[in-house]
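Notes to accompany the following structure.
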Amino acid sequence: MKKTVRSPGSATIINAIATGFGSAFGIGLDIKCEAKTTSSGIACVNDVGADNTLMDLCVNKVFNHYNIDFNDFGISLKTKSSLPVASGLSSSSASSNAAVKVVSDIIACEYNLTPLTDLEVVNMAVNASIDAGVTITGSFDDATASYFGGVVITDNKNRKFILKEKMEDYSVLIYMPDFYSKSGDSNVERMKVLAPLVEVAYDFACKREFFSALNLNGLIYSASLGFNSSIAVDALESGALASGLSGTGSSFVAIVDDNSIDNVQESWMKYEGHIFKTKVDNEGCCFL
């Protein structure tokens, strides 16, 4: 049996590290995970040279959930990504969502068992990400924005939704500098110092003033983490509807319209790195 799942990344509106409450929205860059049944064992490969620990953990958790013996049944996983790794665009959440979803579906089909529910997939993926050390908060906001698409606001500690809805189909520009920033390596205490300011941004998000929330959150975390906030300000000056640091970096995102997309892209061309064009994703994690 062979199945393929496509799982999008997400971009940050509110980074949850300072307060435990986060917000994110799905983006069109994604990870595609192809799974094939084998006689025994697991084998995971990816096209970006990343460590496979997270994928291995995802598969193990699914097998343990269904009490399946690796000696009796096996899975081969292969991922292909248009999503930069260690960039603040939820590549870990997208990868773990895809791996858990595709493996659980194959096992359920092979053994005539009940597939995992959507939230069971997300929670198992979040647990794997925590065990792999690729997230600080558990990234329930990133994971759910990736899995369901659209925009979410979440209580990450209790893994509860505060808001989950479709988002207008905006174009999105992403600036990716020539270096990576792993979430698990970030200075948590330094970010928590600015929690009162993040709470102001969070209030904007709860009022569905997502652009103001994204702008303010980006400035706060750029200052805390030492990123160049001029990247976001340049985008705003060039007509972006919103712009800010995504996750703990290193990517910056800009939500743009047809009138501003070219000007924003041009304003970023003076910085070393890469610029990606994509859109808001409202579809989320799905089979291909």
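Going by the structure tokens order, chains are called A, B, ..., each with residues numbered from 1, while ligands are numbered from 1 in the order shown.
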Find the residues near A:Ser222: any atom within 8 Å, counting only C-alpha atoms, skip ones fewer than 6 places away on the same chain, and give them as a PDB file with N, CA, C and O atoms, in the first residue's frame.
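Result written to around-v6.pdb:
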ATOM      1  N   ASN A 228      17.063  41.735  12.671  1.00  0.00           N
ATOM      2  CA  ASN A 228      16.987  43.075  12.118  1.00  0.00           C
ATOM      3  C   ASN A 228      15.532  43.436  11.801  1.00  0.00           C
ATOM      4  O   ASN A 228      14.987  43.017  10.770  1.00  0.00           O
ATOM      5  N   SER A 229      14.908  44.226  12.668  1.00  0.00           N
ATOM      6  CA  SER A 229      13.500  44.583  12.475  1.00  0.00           C
ATOM      7  C   SER A 229      13.282  45.479  11.260  1.00  0.00           C
ATOM      8  O   SER A 229      12.147  45.631  10.796  1.00  0.00           O
ATOM      9  N   LEU A 245       8.679  38.962  12.049  1.00  0.00           N
ATOM     10  CA  LEU A 245       9.446  37.734  12.240  1.00  0.00           C
ATOM     11  C   LEU A 245       8.497  36.564  12.457  1.00  0.00           C
ATOM     12  O   LEU A 245       7.506  36.683  13.171  1.00  0.00           O
TER      13      LEU A 245
END
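One finds atom CA of A:Met1 at 19.5 Å from atom CA of A:Asn67.
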Near stretch 247-255 of chain A, 10 Å: stretch 72-104 of chain A residue rows, closest pairs, only C-alpha atoms, as JSON lines:
{"residue": "A:Pro84", "atom": "CA", "partner": "A:Ser251", "partner_atom": "CA", "distance": 9.2}
{"residue": "A:Ala86", "atom": "CA", "partner": "A:Ser250", "partner_atom": "CA", "distance": 7.7}
{"residue": "A:Ser87", "atom": "CA", "partner": "A:Ser250", "partner_atom": "CA", "distance": 5.0}
{"residue": "A:Gly88", "atom": "CA", "partner": "A:Gly247", "partner_atom": "CA", "distance": 4.3}
{"residue": "A:Leu89", "atom": "CA", "partner": "A:Gly247", "partner_atom": "CA", "distance": 6.8}
{"residue": "A:Ser90", "atom": "CA", "partner": "A:Gly247", "partner_atom": "CA", "distance": 7.9}
| task | Can you work out the spacing between atom CA of A:Gly49 and atom CA of A:Lys78 in Å, to one decimal? | result |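 About the pair atom CA of A:Gly49 and atom CA of A:Lys78: they are 11.8 Å apart.
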Selection near stretch 51-54 of chain A, 12 Å with only C-alpha atoms, sequence-local residues under 6 positions removed, as an mmCIF file with C-alpha atoms, in the first residue's frame:
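Output file part.cif is given in full below:
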data_model
loop_
_atom_site.group_PDB
_atom_site.id
_atom_site.type_symbol
_atom_site.label_atom_id
_atom_site.label_comp_id
_atom_site.auth_asym_id
_atom_site.auth_seq_id
_atom_site.Cartn_x
_atom_site.Cartn_y
_atom_site.Cartn_z
ATOM 1 C CA ILE A 42 10.885 1.565 9.486
ATOM 2 C CA ALA A 43 12.968 3.604 7.066
ATOM 3 C CA CYS A 44 12.785 7.398 6.852
ATOM 4 C CA VAL A 45 14.480 9.612 4.269
ATOM 5 C CA ASN A 60 7.070 4.762 16.658
ATOM 6 C CA LYS A 61 4.247 6.571 18.435
ATOM 7 C CA LEU A 77 8.657 7.158 4.596
ATOM 8 C CA LYS A 78 10.013 9.660 2.106
ATOM 9 C CA THR A 79 9.478 13.429 2.319
ATOM 10 C CA VAL A 85 13.897 23.919 7.644
ATOM 11 C CA ALA A 86 14.794 25.730 10.894
ATOM 12 C CA SER A 91 8.663 22.665 9.099
ATOM 13 C CA SER A 92 8.777 20.371 12.145
ATOM 14 C CA SER A 93 5.023 20.643 12.697
ATOM 15 C CA ALA A 94 4.305 20.032 9.022
ATOM 16 C CA SER A 95 6.619 17.014 8.940
ATOM 17 C CA SER A 96 5.249 15.429 12.119
ATOM 18 C CA ASN A 97 1.624 16.060 11.115
ATOM 19 C CA ALA A 98 2.206 14.416 7.742
ATOM 20 C CA ALA A 99 4.077 11.437 9.157
ATOM 21 C CA VAL A 100 1.530 10.656 11.878
ATOM 22 C CA MET A 124 0.624 12.784 18.756
ATOM 23 C CA ALA A 125 2.655 14.944 16.364
ATOM 24 C CA VAL A 126 3.123 17.615 19.042
ATOM 25 C CA ASN A 127 4.257 14.972 21.548
ATOM 26 C CA ALA A 128 6.799 13.676 19.035
ATOM 27 C CA SER A 129 8.094 17.216 18.438
ATOM 28 C CA ILE A 130 8.522 17.753 22.174
ATOM 29 C CA ASP A 131 10.339 14.431 22.555
ATOM 30 C CA ALA A 132 12.605 15.352 19.631
ATOM 31 C CA GLY A 133 13.461 18.713 21.238
ATOM 32 C CA VAL A 134 12.435 20.766 18.197
ATOM 33 C CA THR A 135 9.878 22.901 20.040
#
At a cut-off of 9 Å, using only C-alpha atoms, what residues contact A:Glu189? Leave out same-chain residues fewer than 3 positions from it and give the result as number ranges by chain.
A: 18, 192-193
Those selected residues, please, written with N, CA and C atoms and delivered as a PDB file, in the first residue's frame.
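Result file is part_28.pdb:
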ATOM      1  N   ALA A  18       6.497  33.473  25.023  1.00  0.00           N
ATOM      2  CA  ALA A  18       6.492  34.409  26.146  1.00  0.00           C
ATOM      3  C   ALA A  18       5.306  34.202  27.077  1.00  0.00           C
ATOM      4  N   LYS A 192      10.637  35.858  27.571  1.00  0.00           N
ATOM      5  CA  LYS A 192       9.573  36.056  28.555  1.00  0.00           C
ATOM      6  C   LYS A 192       9.634  37.427  29.218  1.00  0.00           C
ATOM      7  N   VAL A 193      10.789  38.082  29.168  1.00  0.00           N
ATOM      8  CA  VAL A 193      10.912  39.432  29.726  1.00  0.00           C
ATOM      9  C   VAL A 193       9.917  40.382  29.058  1.00  0.00           C
TER      10      VAL A 193
END
| message | According to DSSP computed on the backbone, where in stretch 183-241 of chain A is there helix (DSSP H, G or I)? Give the residues as a ChimeraX atom specification. | response | /A:183-185,188-192,195-206,210-225,230-237
Q) Which one is closest to A:Val280: A:Asp155, A:Asp30, A:Asp178, A:Asp203? Count only C-alpha atoms. A)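 Of all the options, A:Asp30 lies closest to A:Val280.
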| message | For the structure I just gave you, how does DSSP split stretch 188-260 of chain A - specifically, which residues are strand (DSSP E)? Reply as JSON, numbers by chain. | response | {"A": [242, 243, 244, 245, 252, 253, 254, 255, 256]}
Notebook entry, point to check: Suppose you want the space between atom CA of A:Ala145 and atom CA of A:Leu219; what is it in Å?
Noted result: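 Distance between the two atoms: 21.7 Å.
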With distances taken over only C-alpha atoms, the candidate from A:Met191, A:Val5, A:Ile174, A:Ile107 nearest A:Phe70 is A:Ile107
- Excluding same-chain residues fewer than 4 positions from stretch 273-277 of chain A, what lies within 8 Å of it counting only C-alpha atoms, as a list in words?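 Here the qualifying residues turn out to be Ser171, Val172, Leu173, Ile174, Tyr175, Met176, Pro177, Asp178, Gln265, Trp268 and Met269 of chain A.
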Given the selection you just returned, output its residues as a file containing all heavy atoms, formatted as a compact mmCIF listing (two decimals), in the first residue's frame.
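Result went into part_10.txt, see below:
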# COMPACT_ATOMS: atom_id res chain seq x y z
N SER A 171 -1.86 36.96 -0.61
CA SER A 171 -0.53 36.56 -1.03
C SER A 171 0.44 36.79 0.12
O SER A 171 0.24 37.69 0.95
CB SER A 171 -0.09 37.36 -2.26
OG SER A 171 -0.90 37.05 -3.37
N VAL A 172 1.48 35.96 0.17
CA VAL A 172 2.47 36.03 1.26
C VAL A 172 3.86 35.99 0.66
O VAL A 172 4.16 35.14 -0.18
CB VAL A 172 2.30 34.86 2.25
CG1 VAL A 172 3.36 34.91 3.34
CG2 VAL A 172 0.90 34.85 2.85
N LEU A 173 4.71 36.92 1.08
CA LEU A 173 6.13 36.89 0.75
C LEU A 173 6.91 36.46 1.98
O LEU A 173 6.56 36.85 3.11
CB LEU A 173 6.62 38.26 0.28
CG LEU A 173 6.15 38.75 -1.09
CD1 LEU A 173 6.66 40.17 -1.33
CD2 LEU A 173 6.62 37.82 -2.19
N ILE A 174 7.94 35.68 1.76
CA ILE A 174 8.79 35.21 2.85
C ILE A 174 10.24 35.53 2.52
O ILE A 174 10.72 35.18 1.43
CB ILE A 174 8.63 33.70 3.07
CG1 ILE A 174 7.20 33.38 3.50
CG2 ILE A 174 9.64 33.20 4.10
CD1 ILE A 174 6.85 31.93 3.42
N TYR A 175 10.90 36.23 3.43
CA TYR A 175 12.34 36.47 3.28
C TYR A 175 13.08 35.50 4.19
O TYR A 175 12.85 35.45 5.40
CB TYR A 175 12.71 37.91 3.65
CG TYR A 175 14.20 38.07 3.84
CD1 TYR A 175 15.08 37.95 2.77
CD2 TYR A 175 14.74 38.27 5.11
CE1 TYR A 175 16.45 38.06 2.95
CE2 TYR A 175 16.11 38.38 5.31
CZ TYR A 175 16.96 38.27 4.22
OH TYR A 175 18.32 38.36 4.41
N MET A 176 13.97 34.73 3.59
CA MET A 176 14.76 33.73 4.32
C MET A 176 16.23 34.09 4.20
O MET A 176 16.81 33.98 3.12
CB MET A 176 14.49 32.35 3.72
CG MET A 176 15.31 31.23 4.32
SD MET A 176 14.78 30.81 5.97
CE MET A 176 16.10 29.70 6.46
N PRO A 177 16.86 34.54 5.29
CA PRO A 177 18.30 34.85 5.23
C PRO A 177 19.13 33.59 5.10
O PRO A 177 18.62 32.47 5.20
CB PRO A 177 18.56 35.56 6.56
CG PRO A 177 17.50 35.06 7.47
CD PRO A 177 16.29 34.79 6.62
N ASP A 178 20.43 33.78 4.89
CA ASP A 178 21.32 32.65 4.65
C ASP A 178 21.84 32.03 5.96
O ASP A 178 23.02 31.72 6.08
CB ASP A 178 22.51 33.09 3.78
CG ASP A 178 22.08 33.40 2.36
OD1 ASP A 178 21.11 32.79 1.88
OD2 ASP A 178 22.71 34.28 1.74
N GLN A 265 8.79 42.98 -2.50
CA GLN A 265 9.86 42.09 -2.95
C GLN A 265 11.11 42.88 -3.30
O GLN A 265 12.23 42.49 -2.93
CB GLN A 265 9.39 41.28 -4.16
CG GLN A 265 10.43 40.26 -4.63
CD GLN A 265 9.89 39.35 -5.72
OE1 GLN A 265 8.79 39.55 -6.22
NE2 GLN A 265 10.66 38.34 -6.09
N TRP A 268 13.19 43.98 -0.32
CA TRP A 268 13.94 42.92 0.34
C TRP A 268 15.13 42.42 -0.47
O TRP A 268 15.97 41.67 0.06
CB TRP A 268 13.01 41.73 0.64
CG TRP A 268 12.17 41.91 1.87
CD1 TRP A 268 12.25 42.91 2.80
CD2 TRP A 268 11.12 41.04 2.32
NE1 TRP A 268 11.32 42.72 3.79
CE2 TRP A 268 10.61 41.58 3.52
CE3 TRP A 268 10.56 39.86 1.82
CZ2 TRP A 268 9.57 40.99 4.23
CZ3 TRP A 268 9.53 39.26 2.53
CH2 TRP A 268 9.03 39.82 3.72
N MET A 269 15.23 42.82 -1.70
CA MET A 269 16.29 42.30 -2.55
C MET A 269 17.68 42.79 -2.14
O MET A 269 18.69 42.21 -2.54
CB MET A 269 16.01 42.64 -4.02
CG MET A 269 14.82 41.87 -4.59
SD MET A 269 14.44 42.25 -6.31
CE MET A 269 15.86 41.50 -7.12
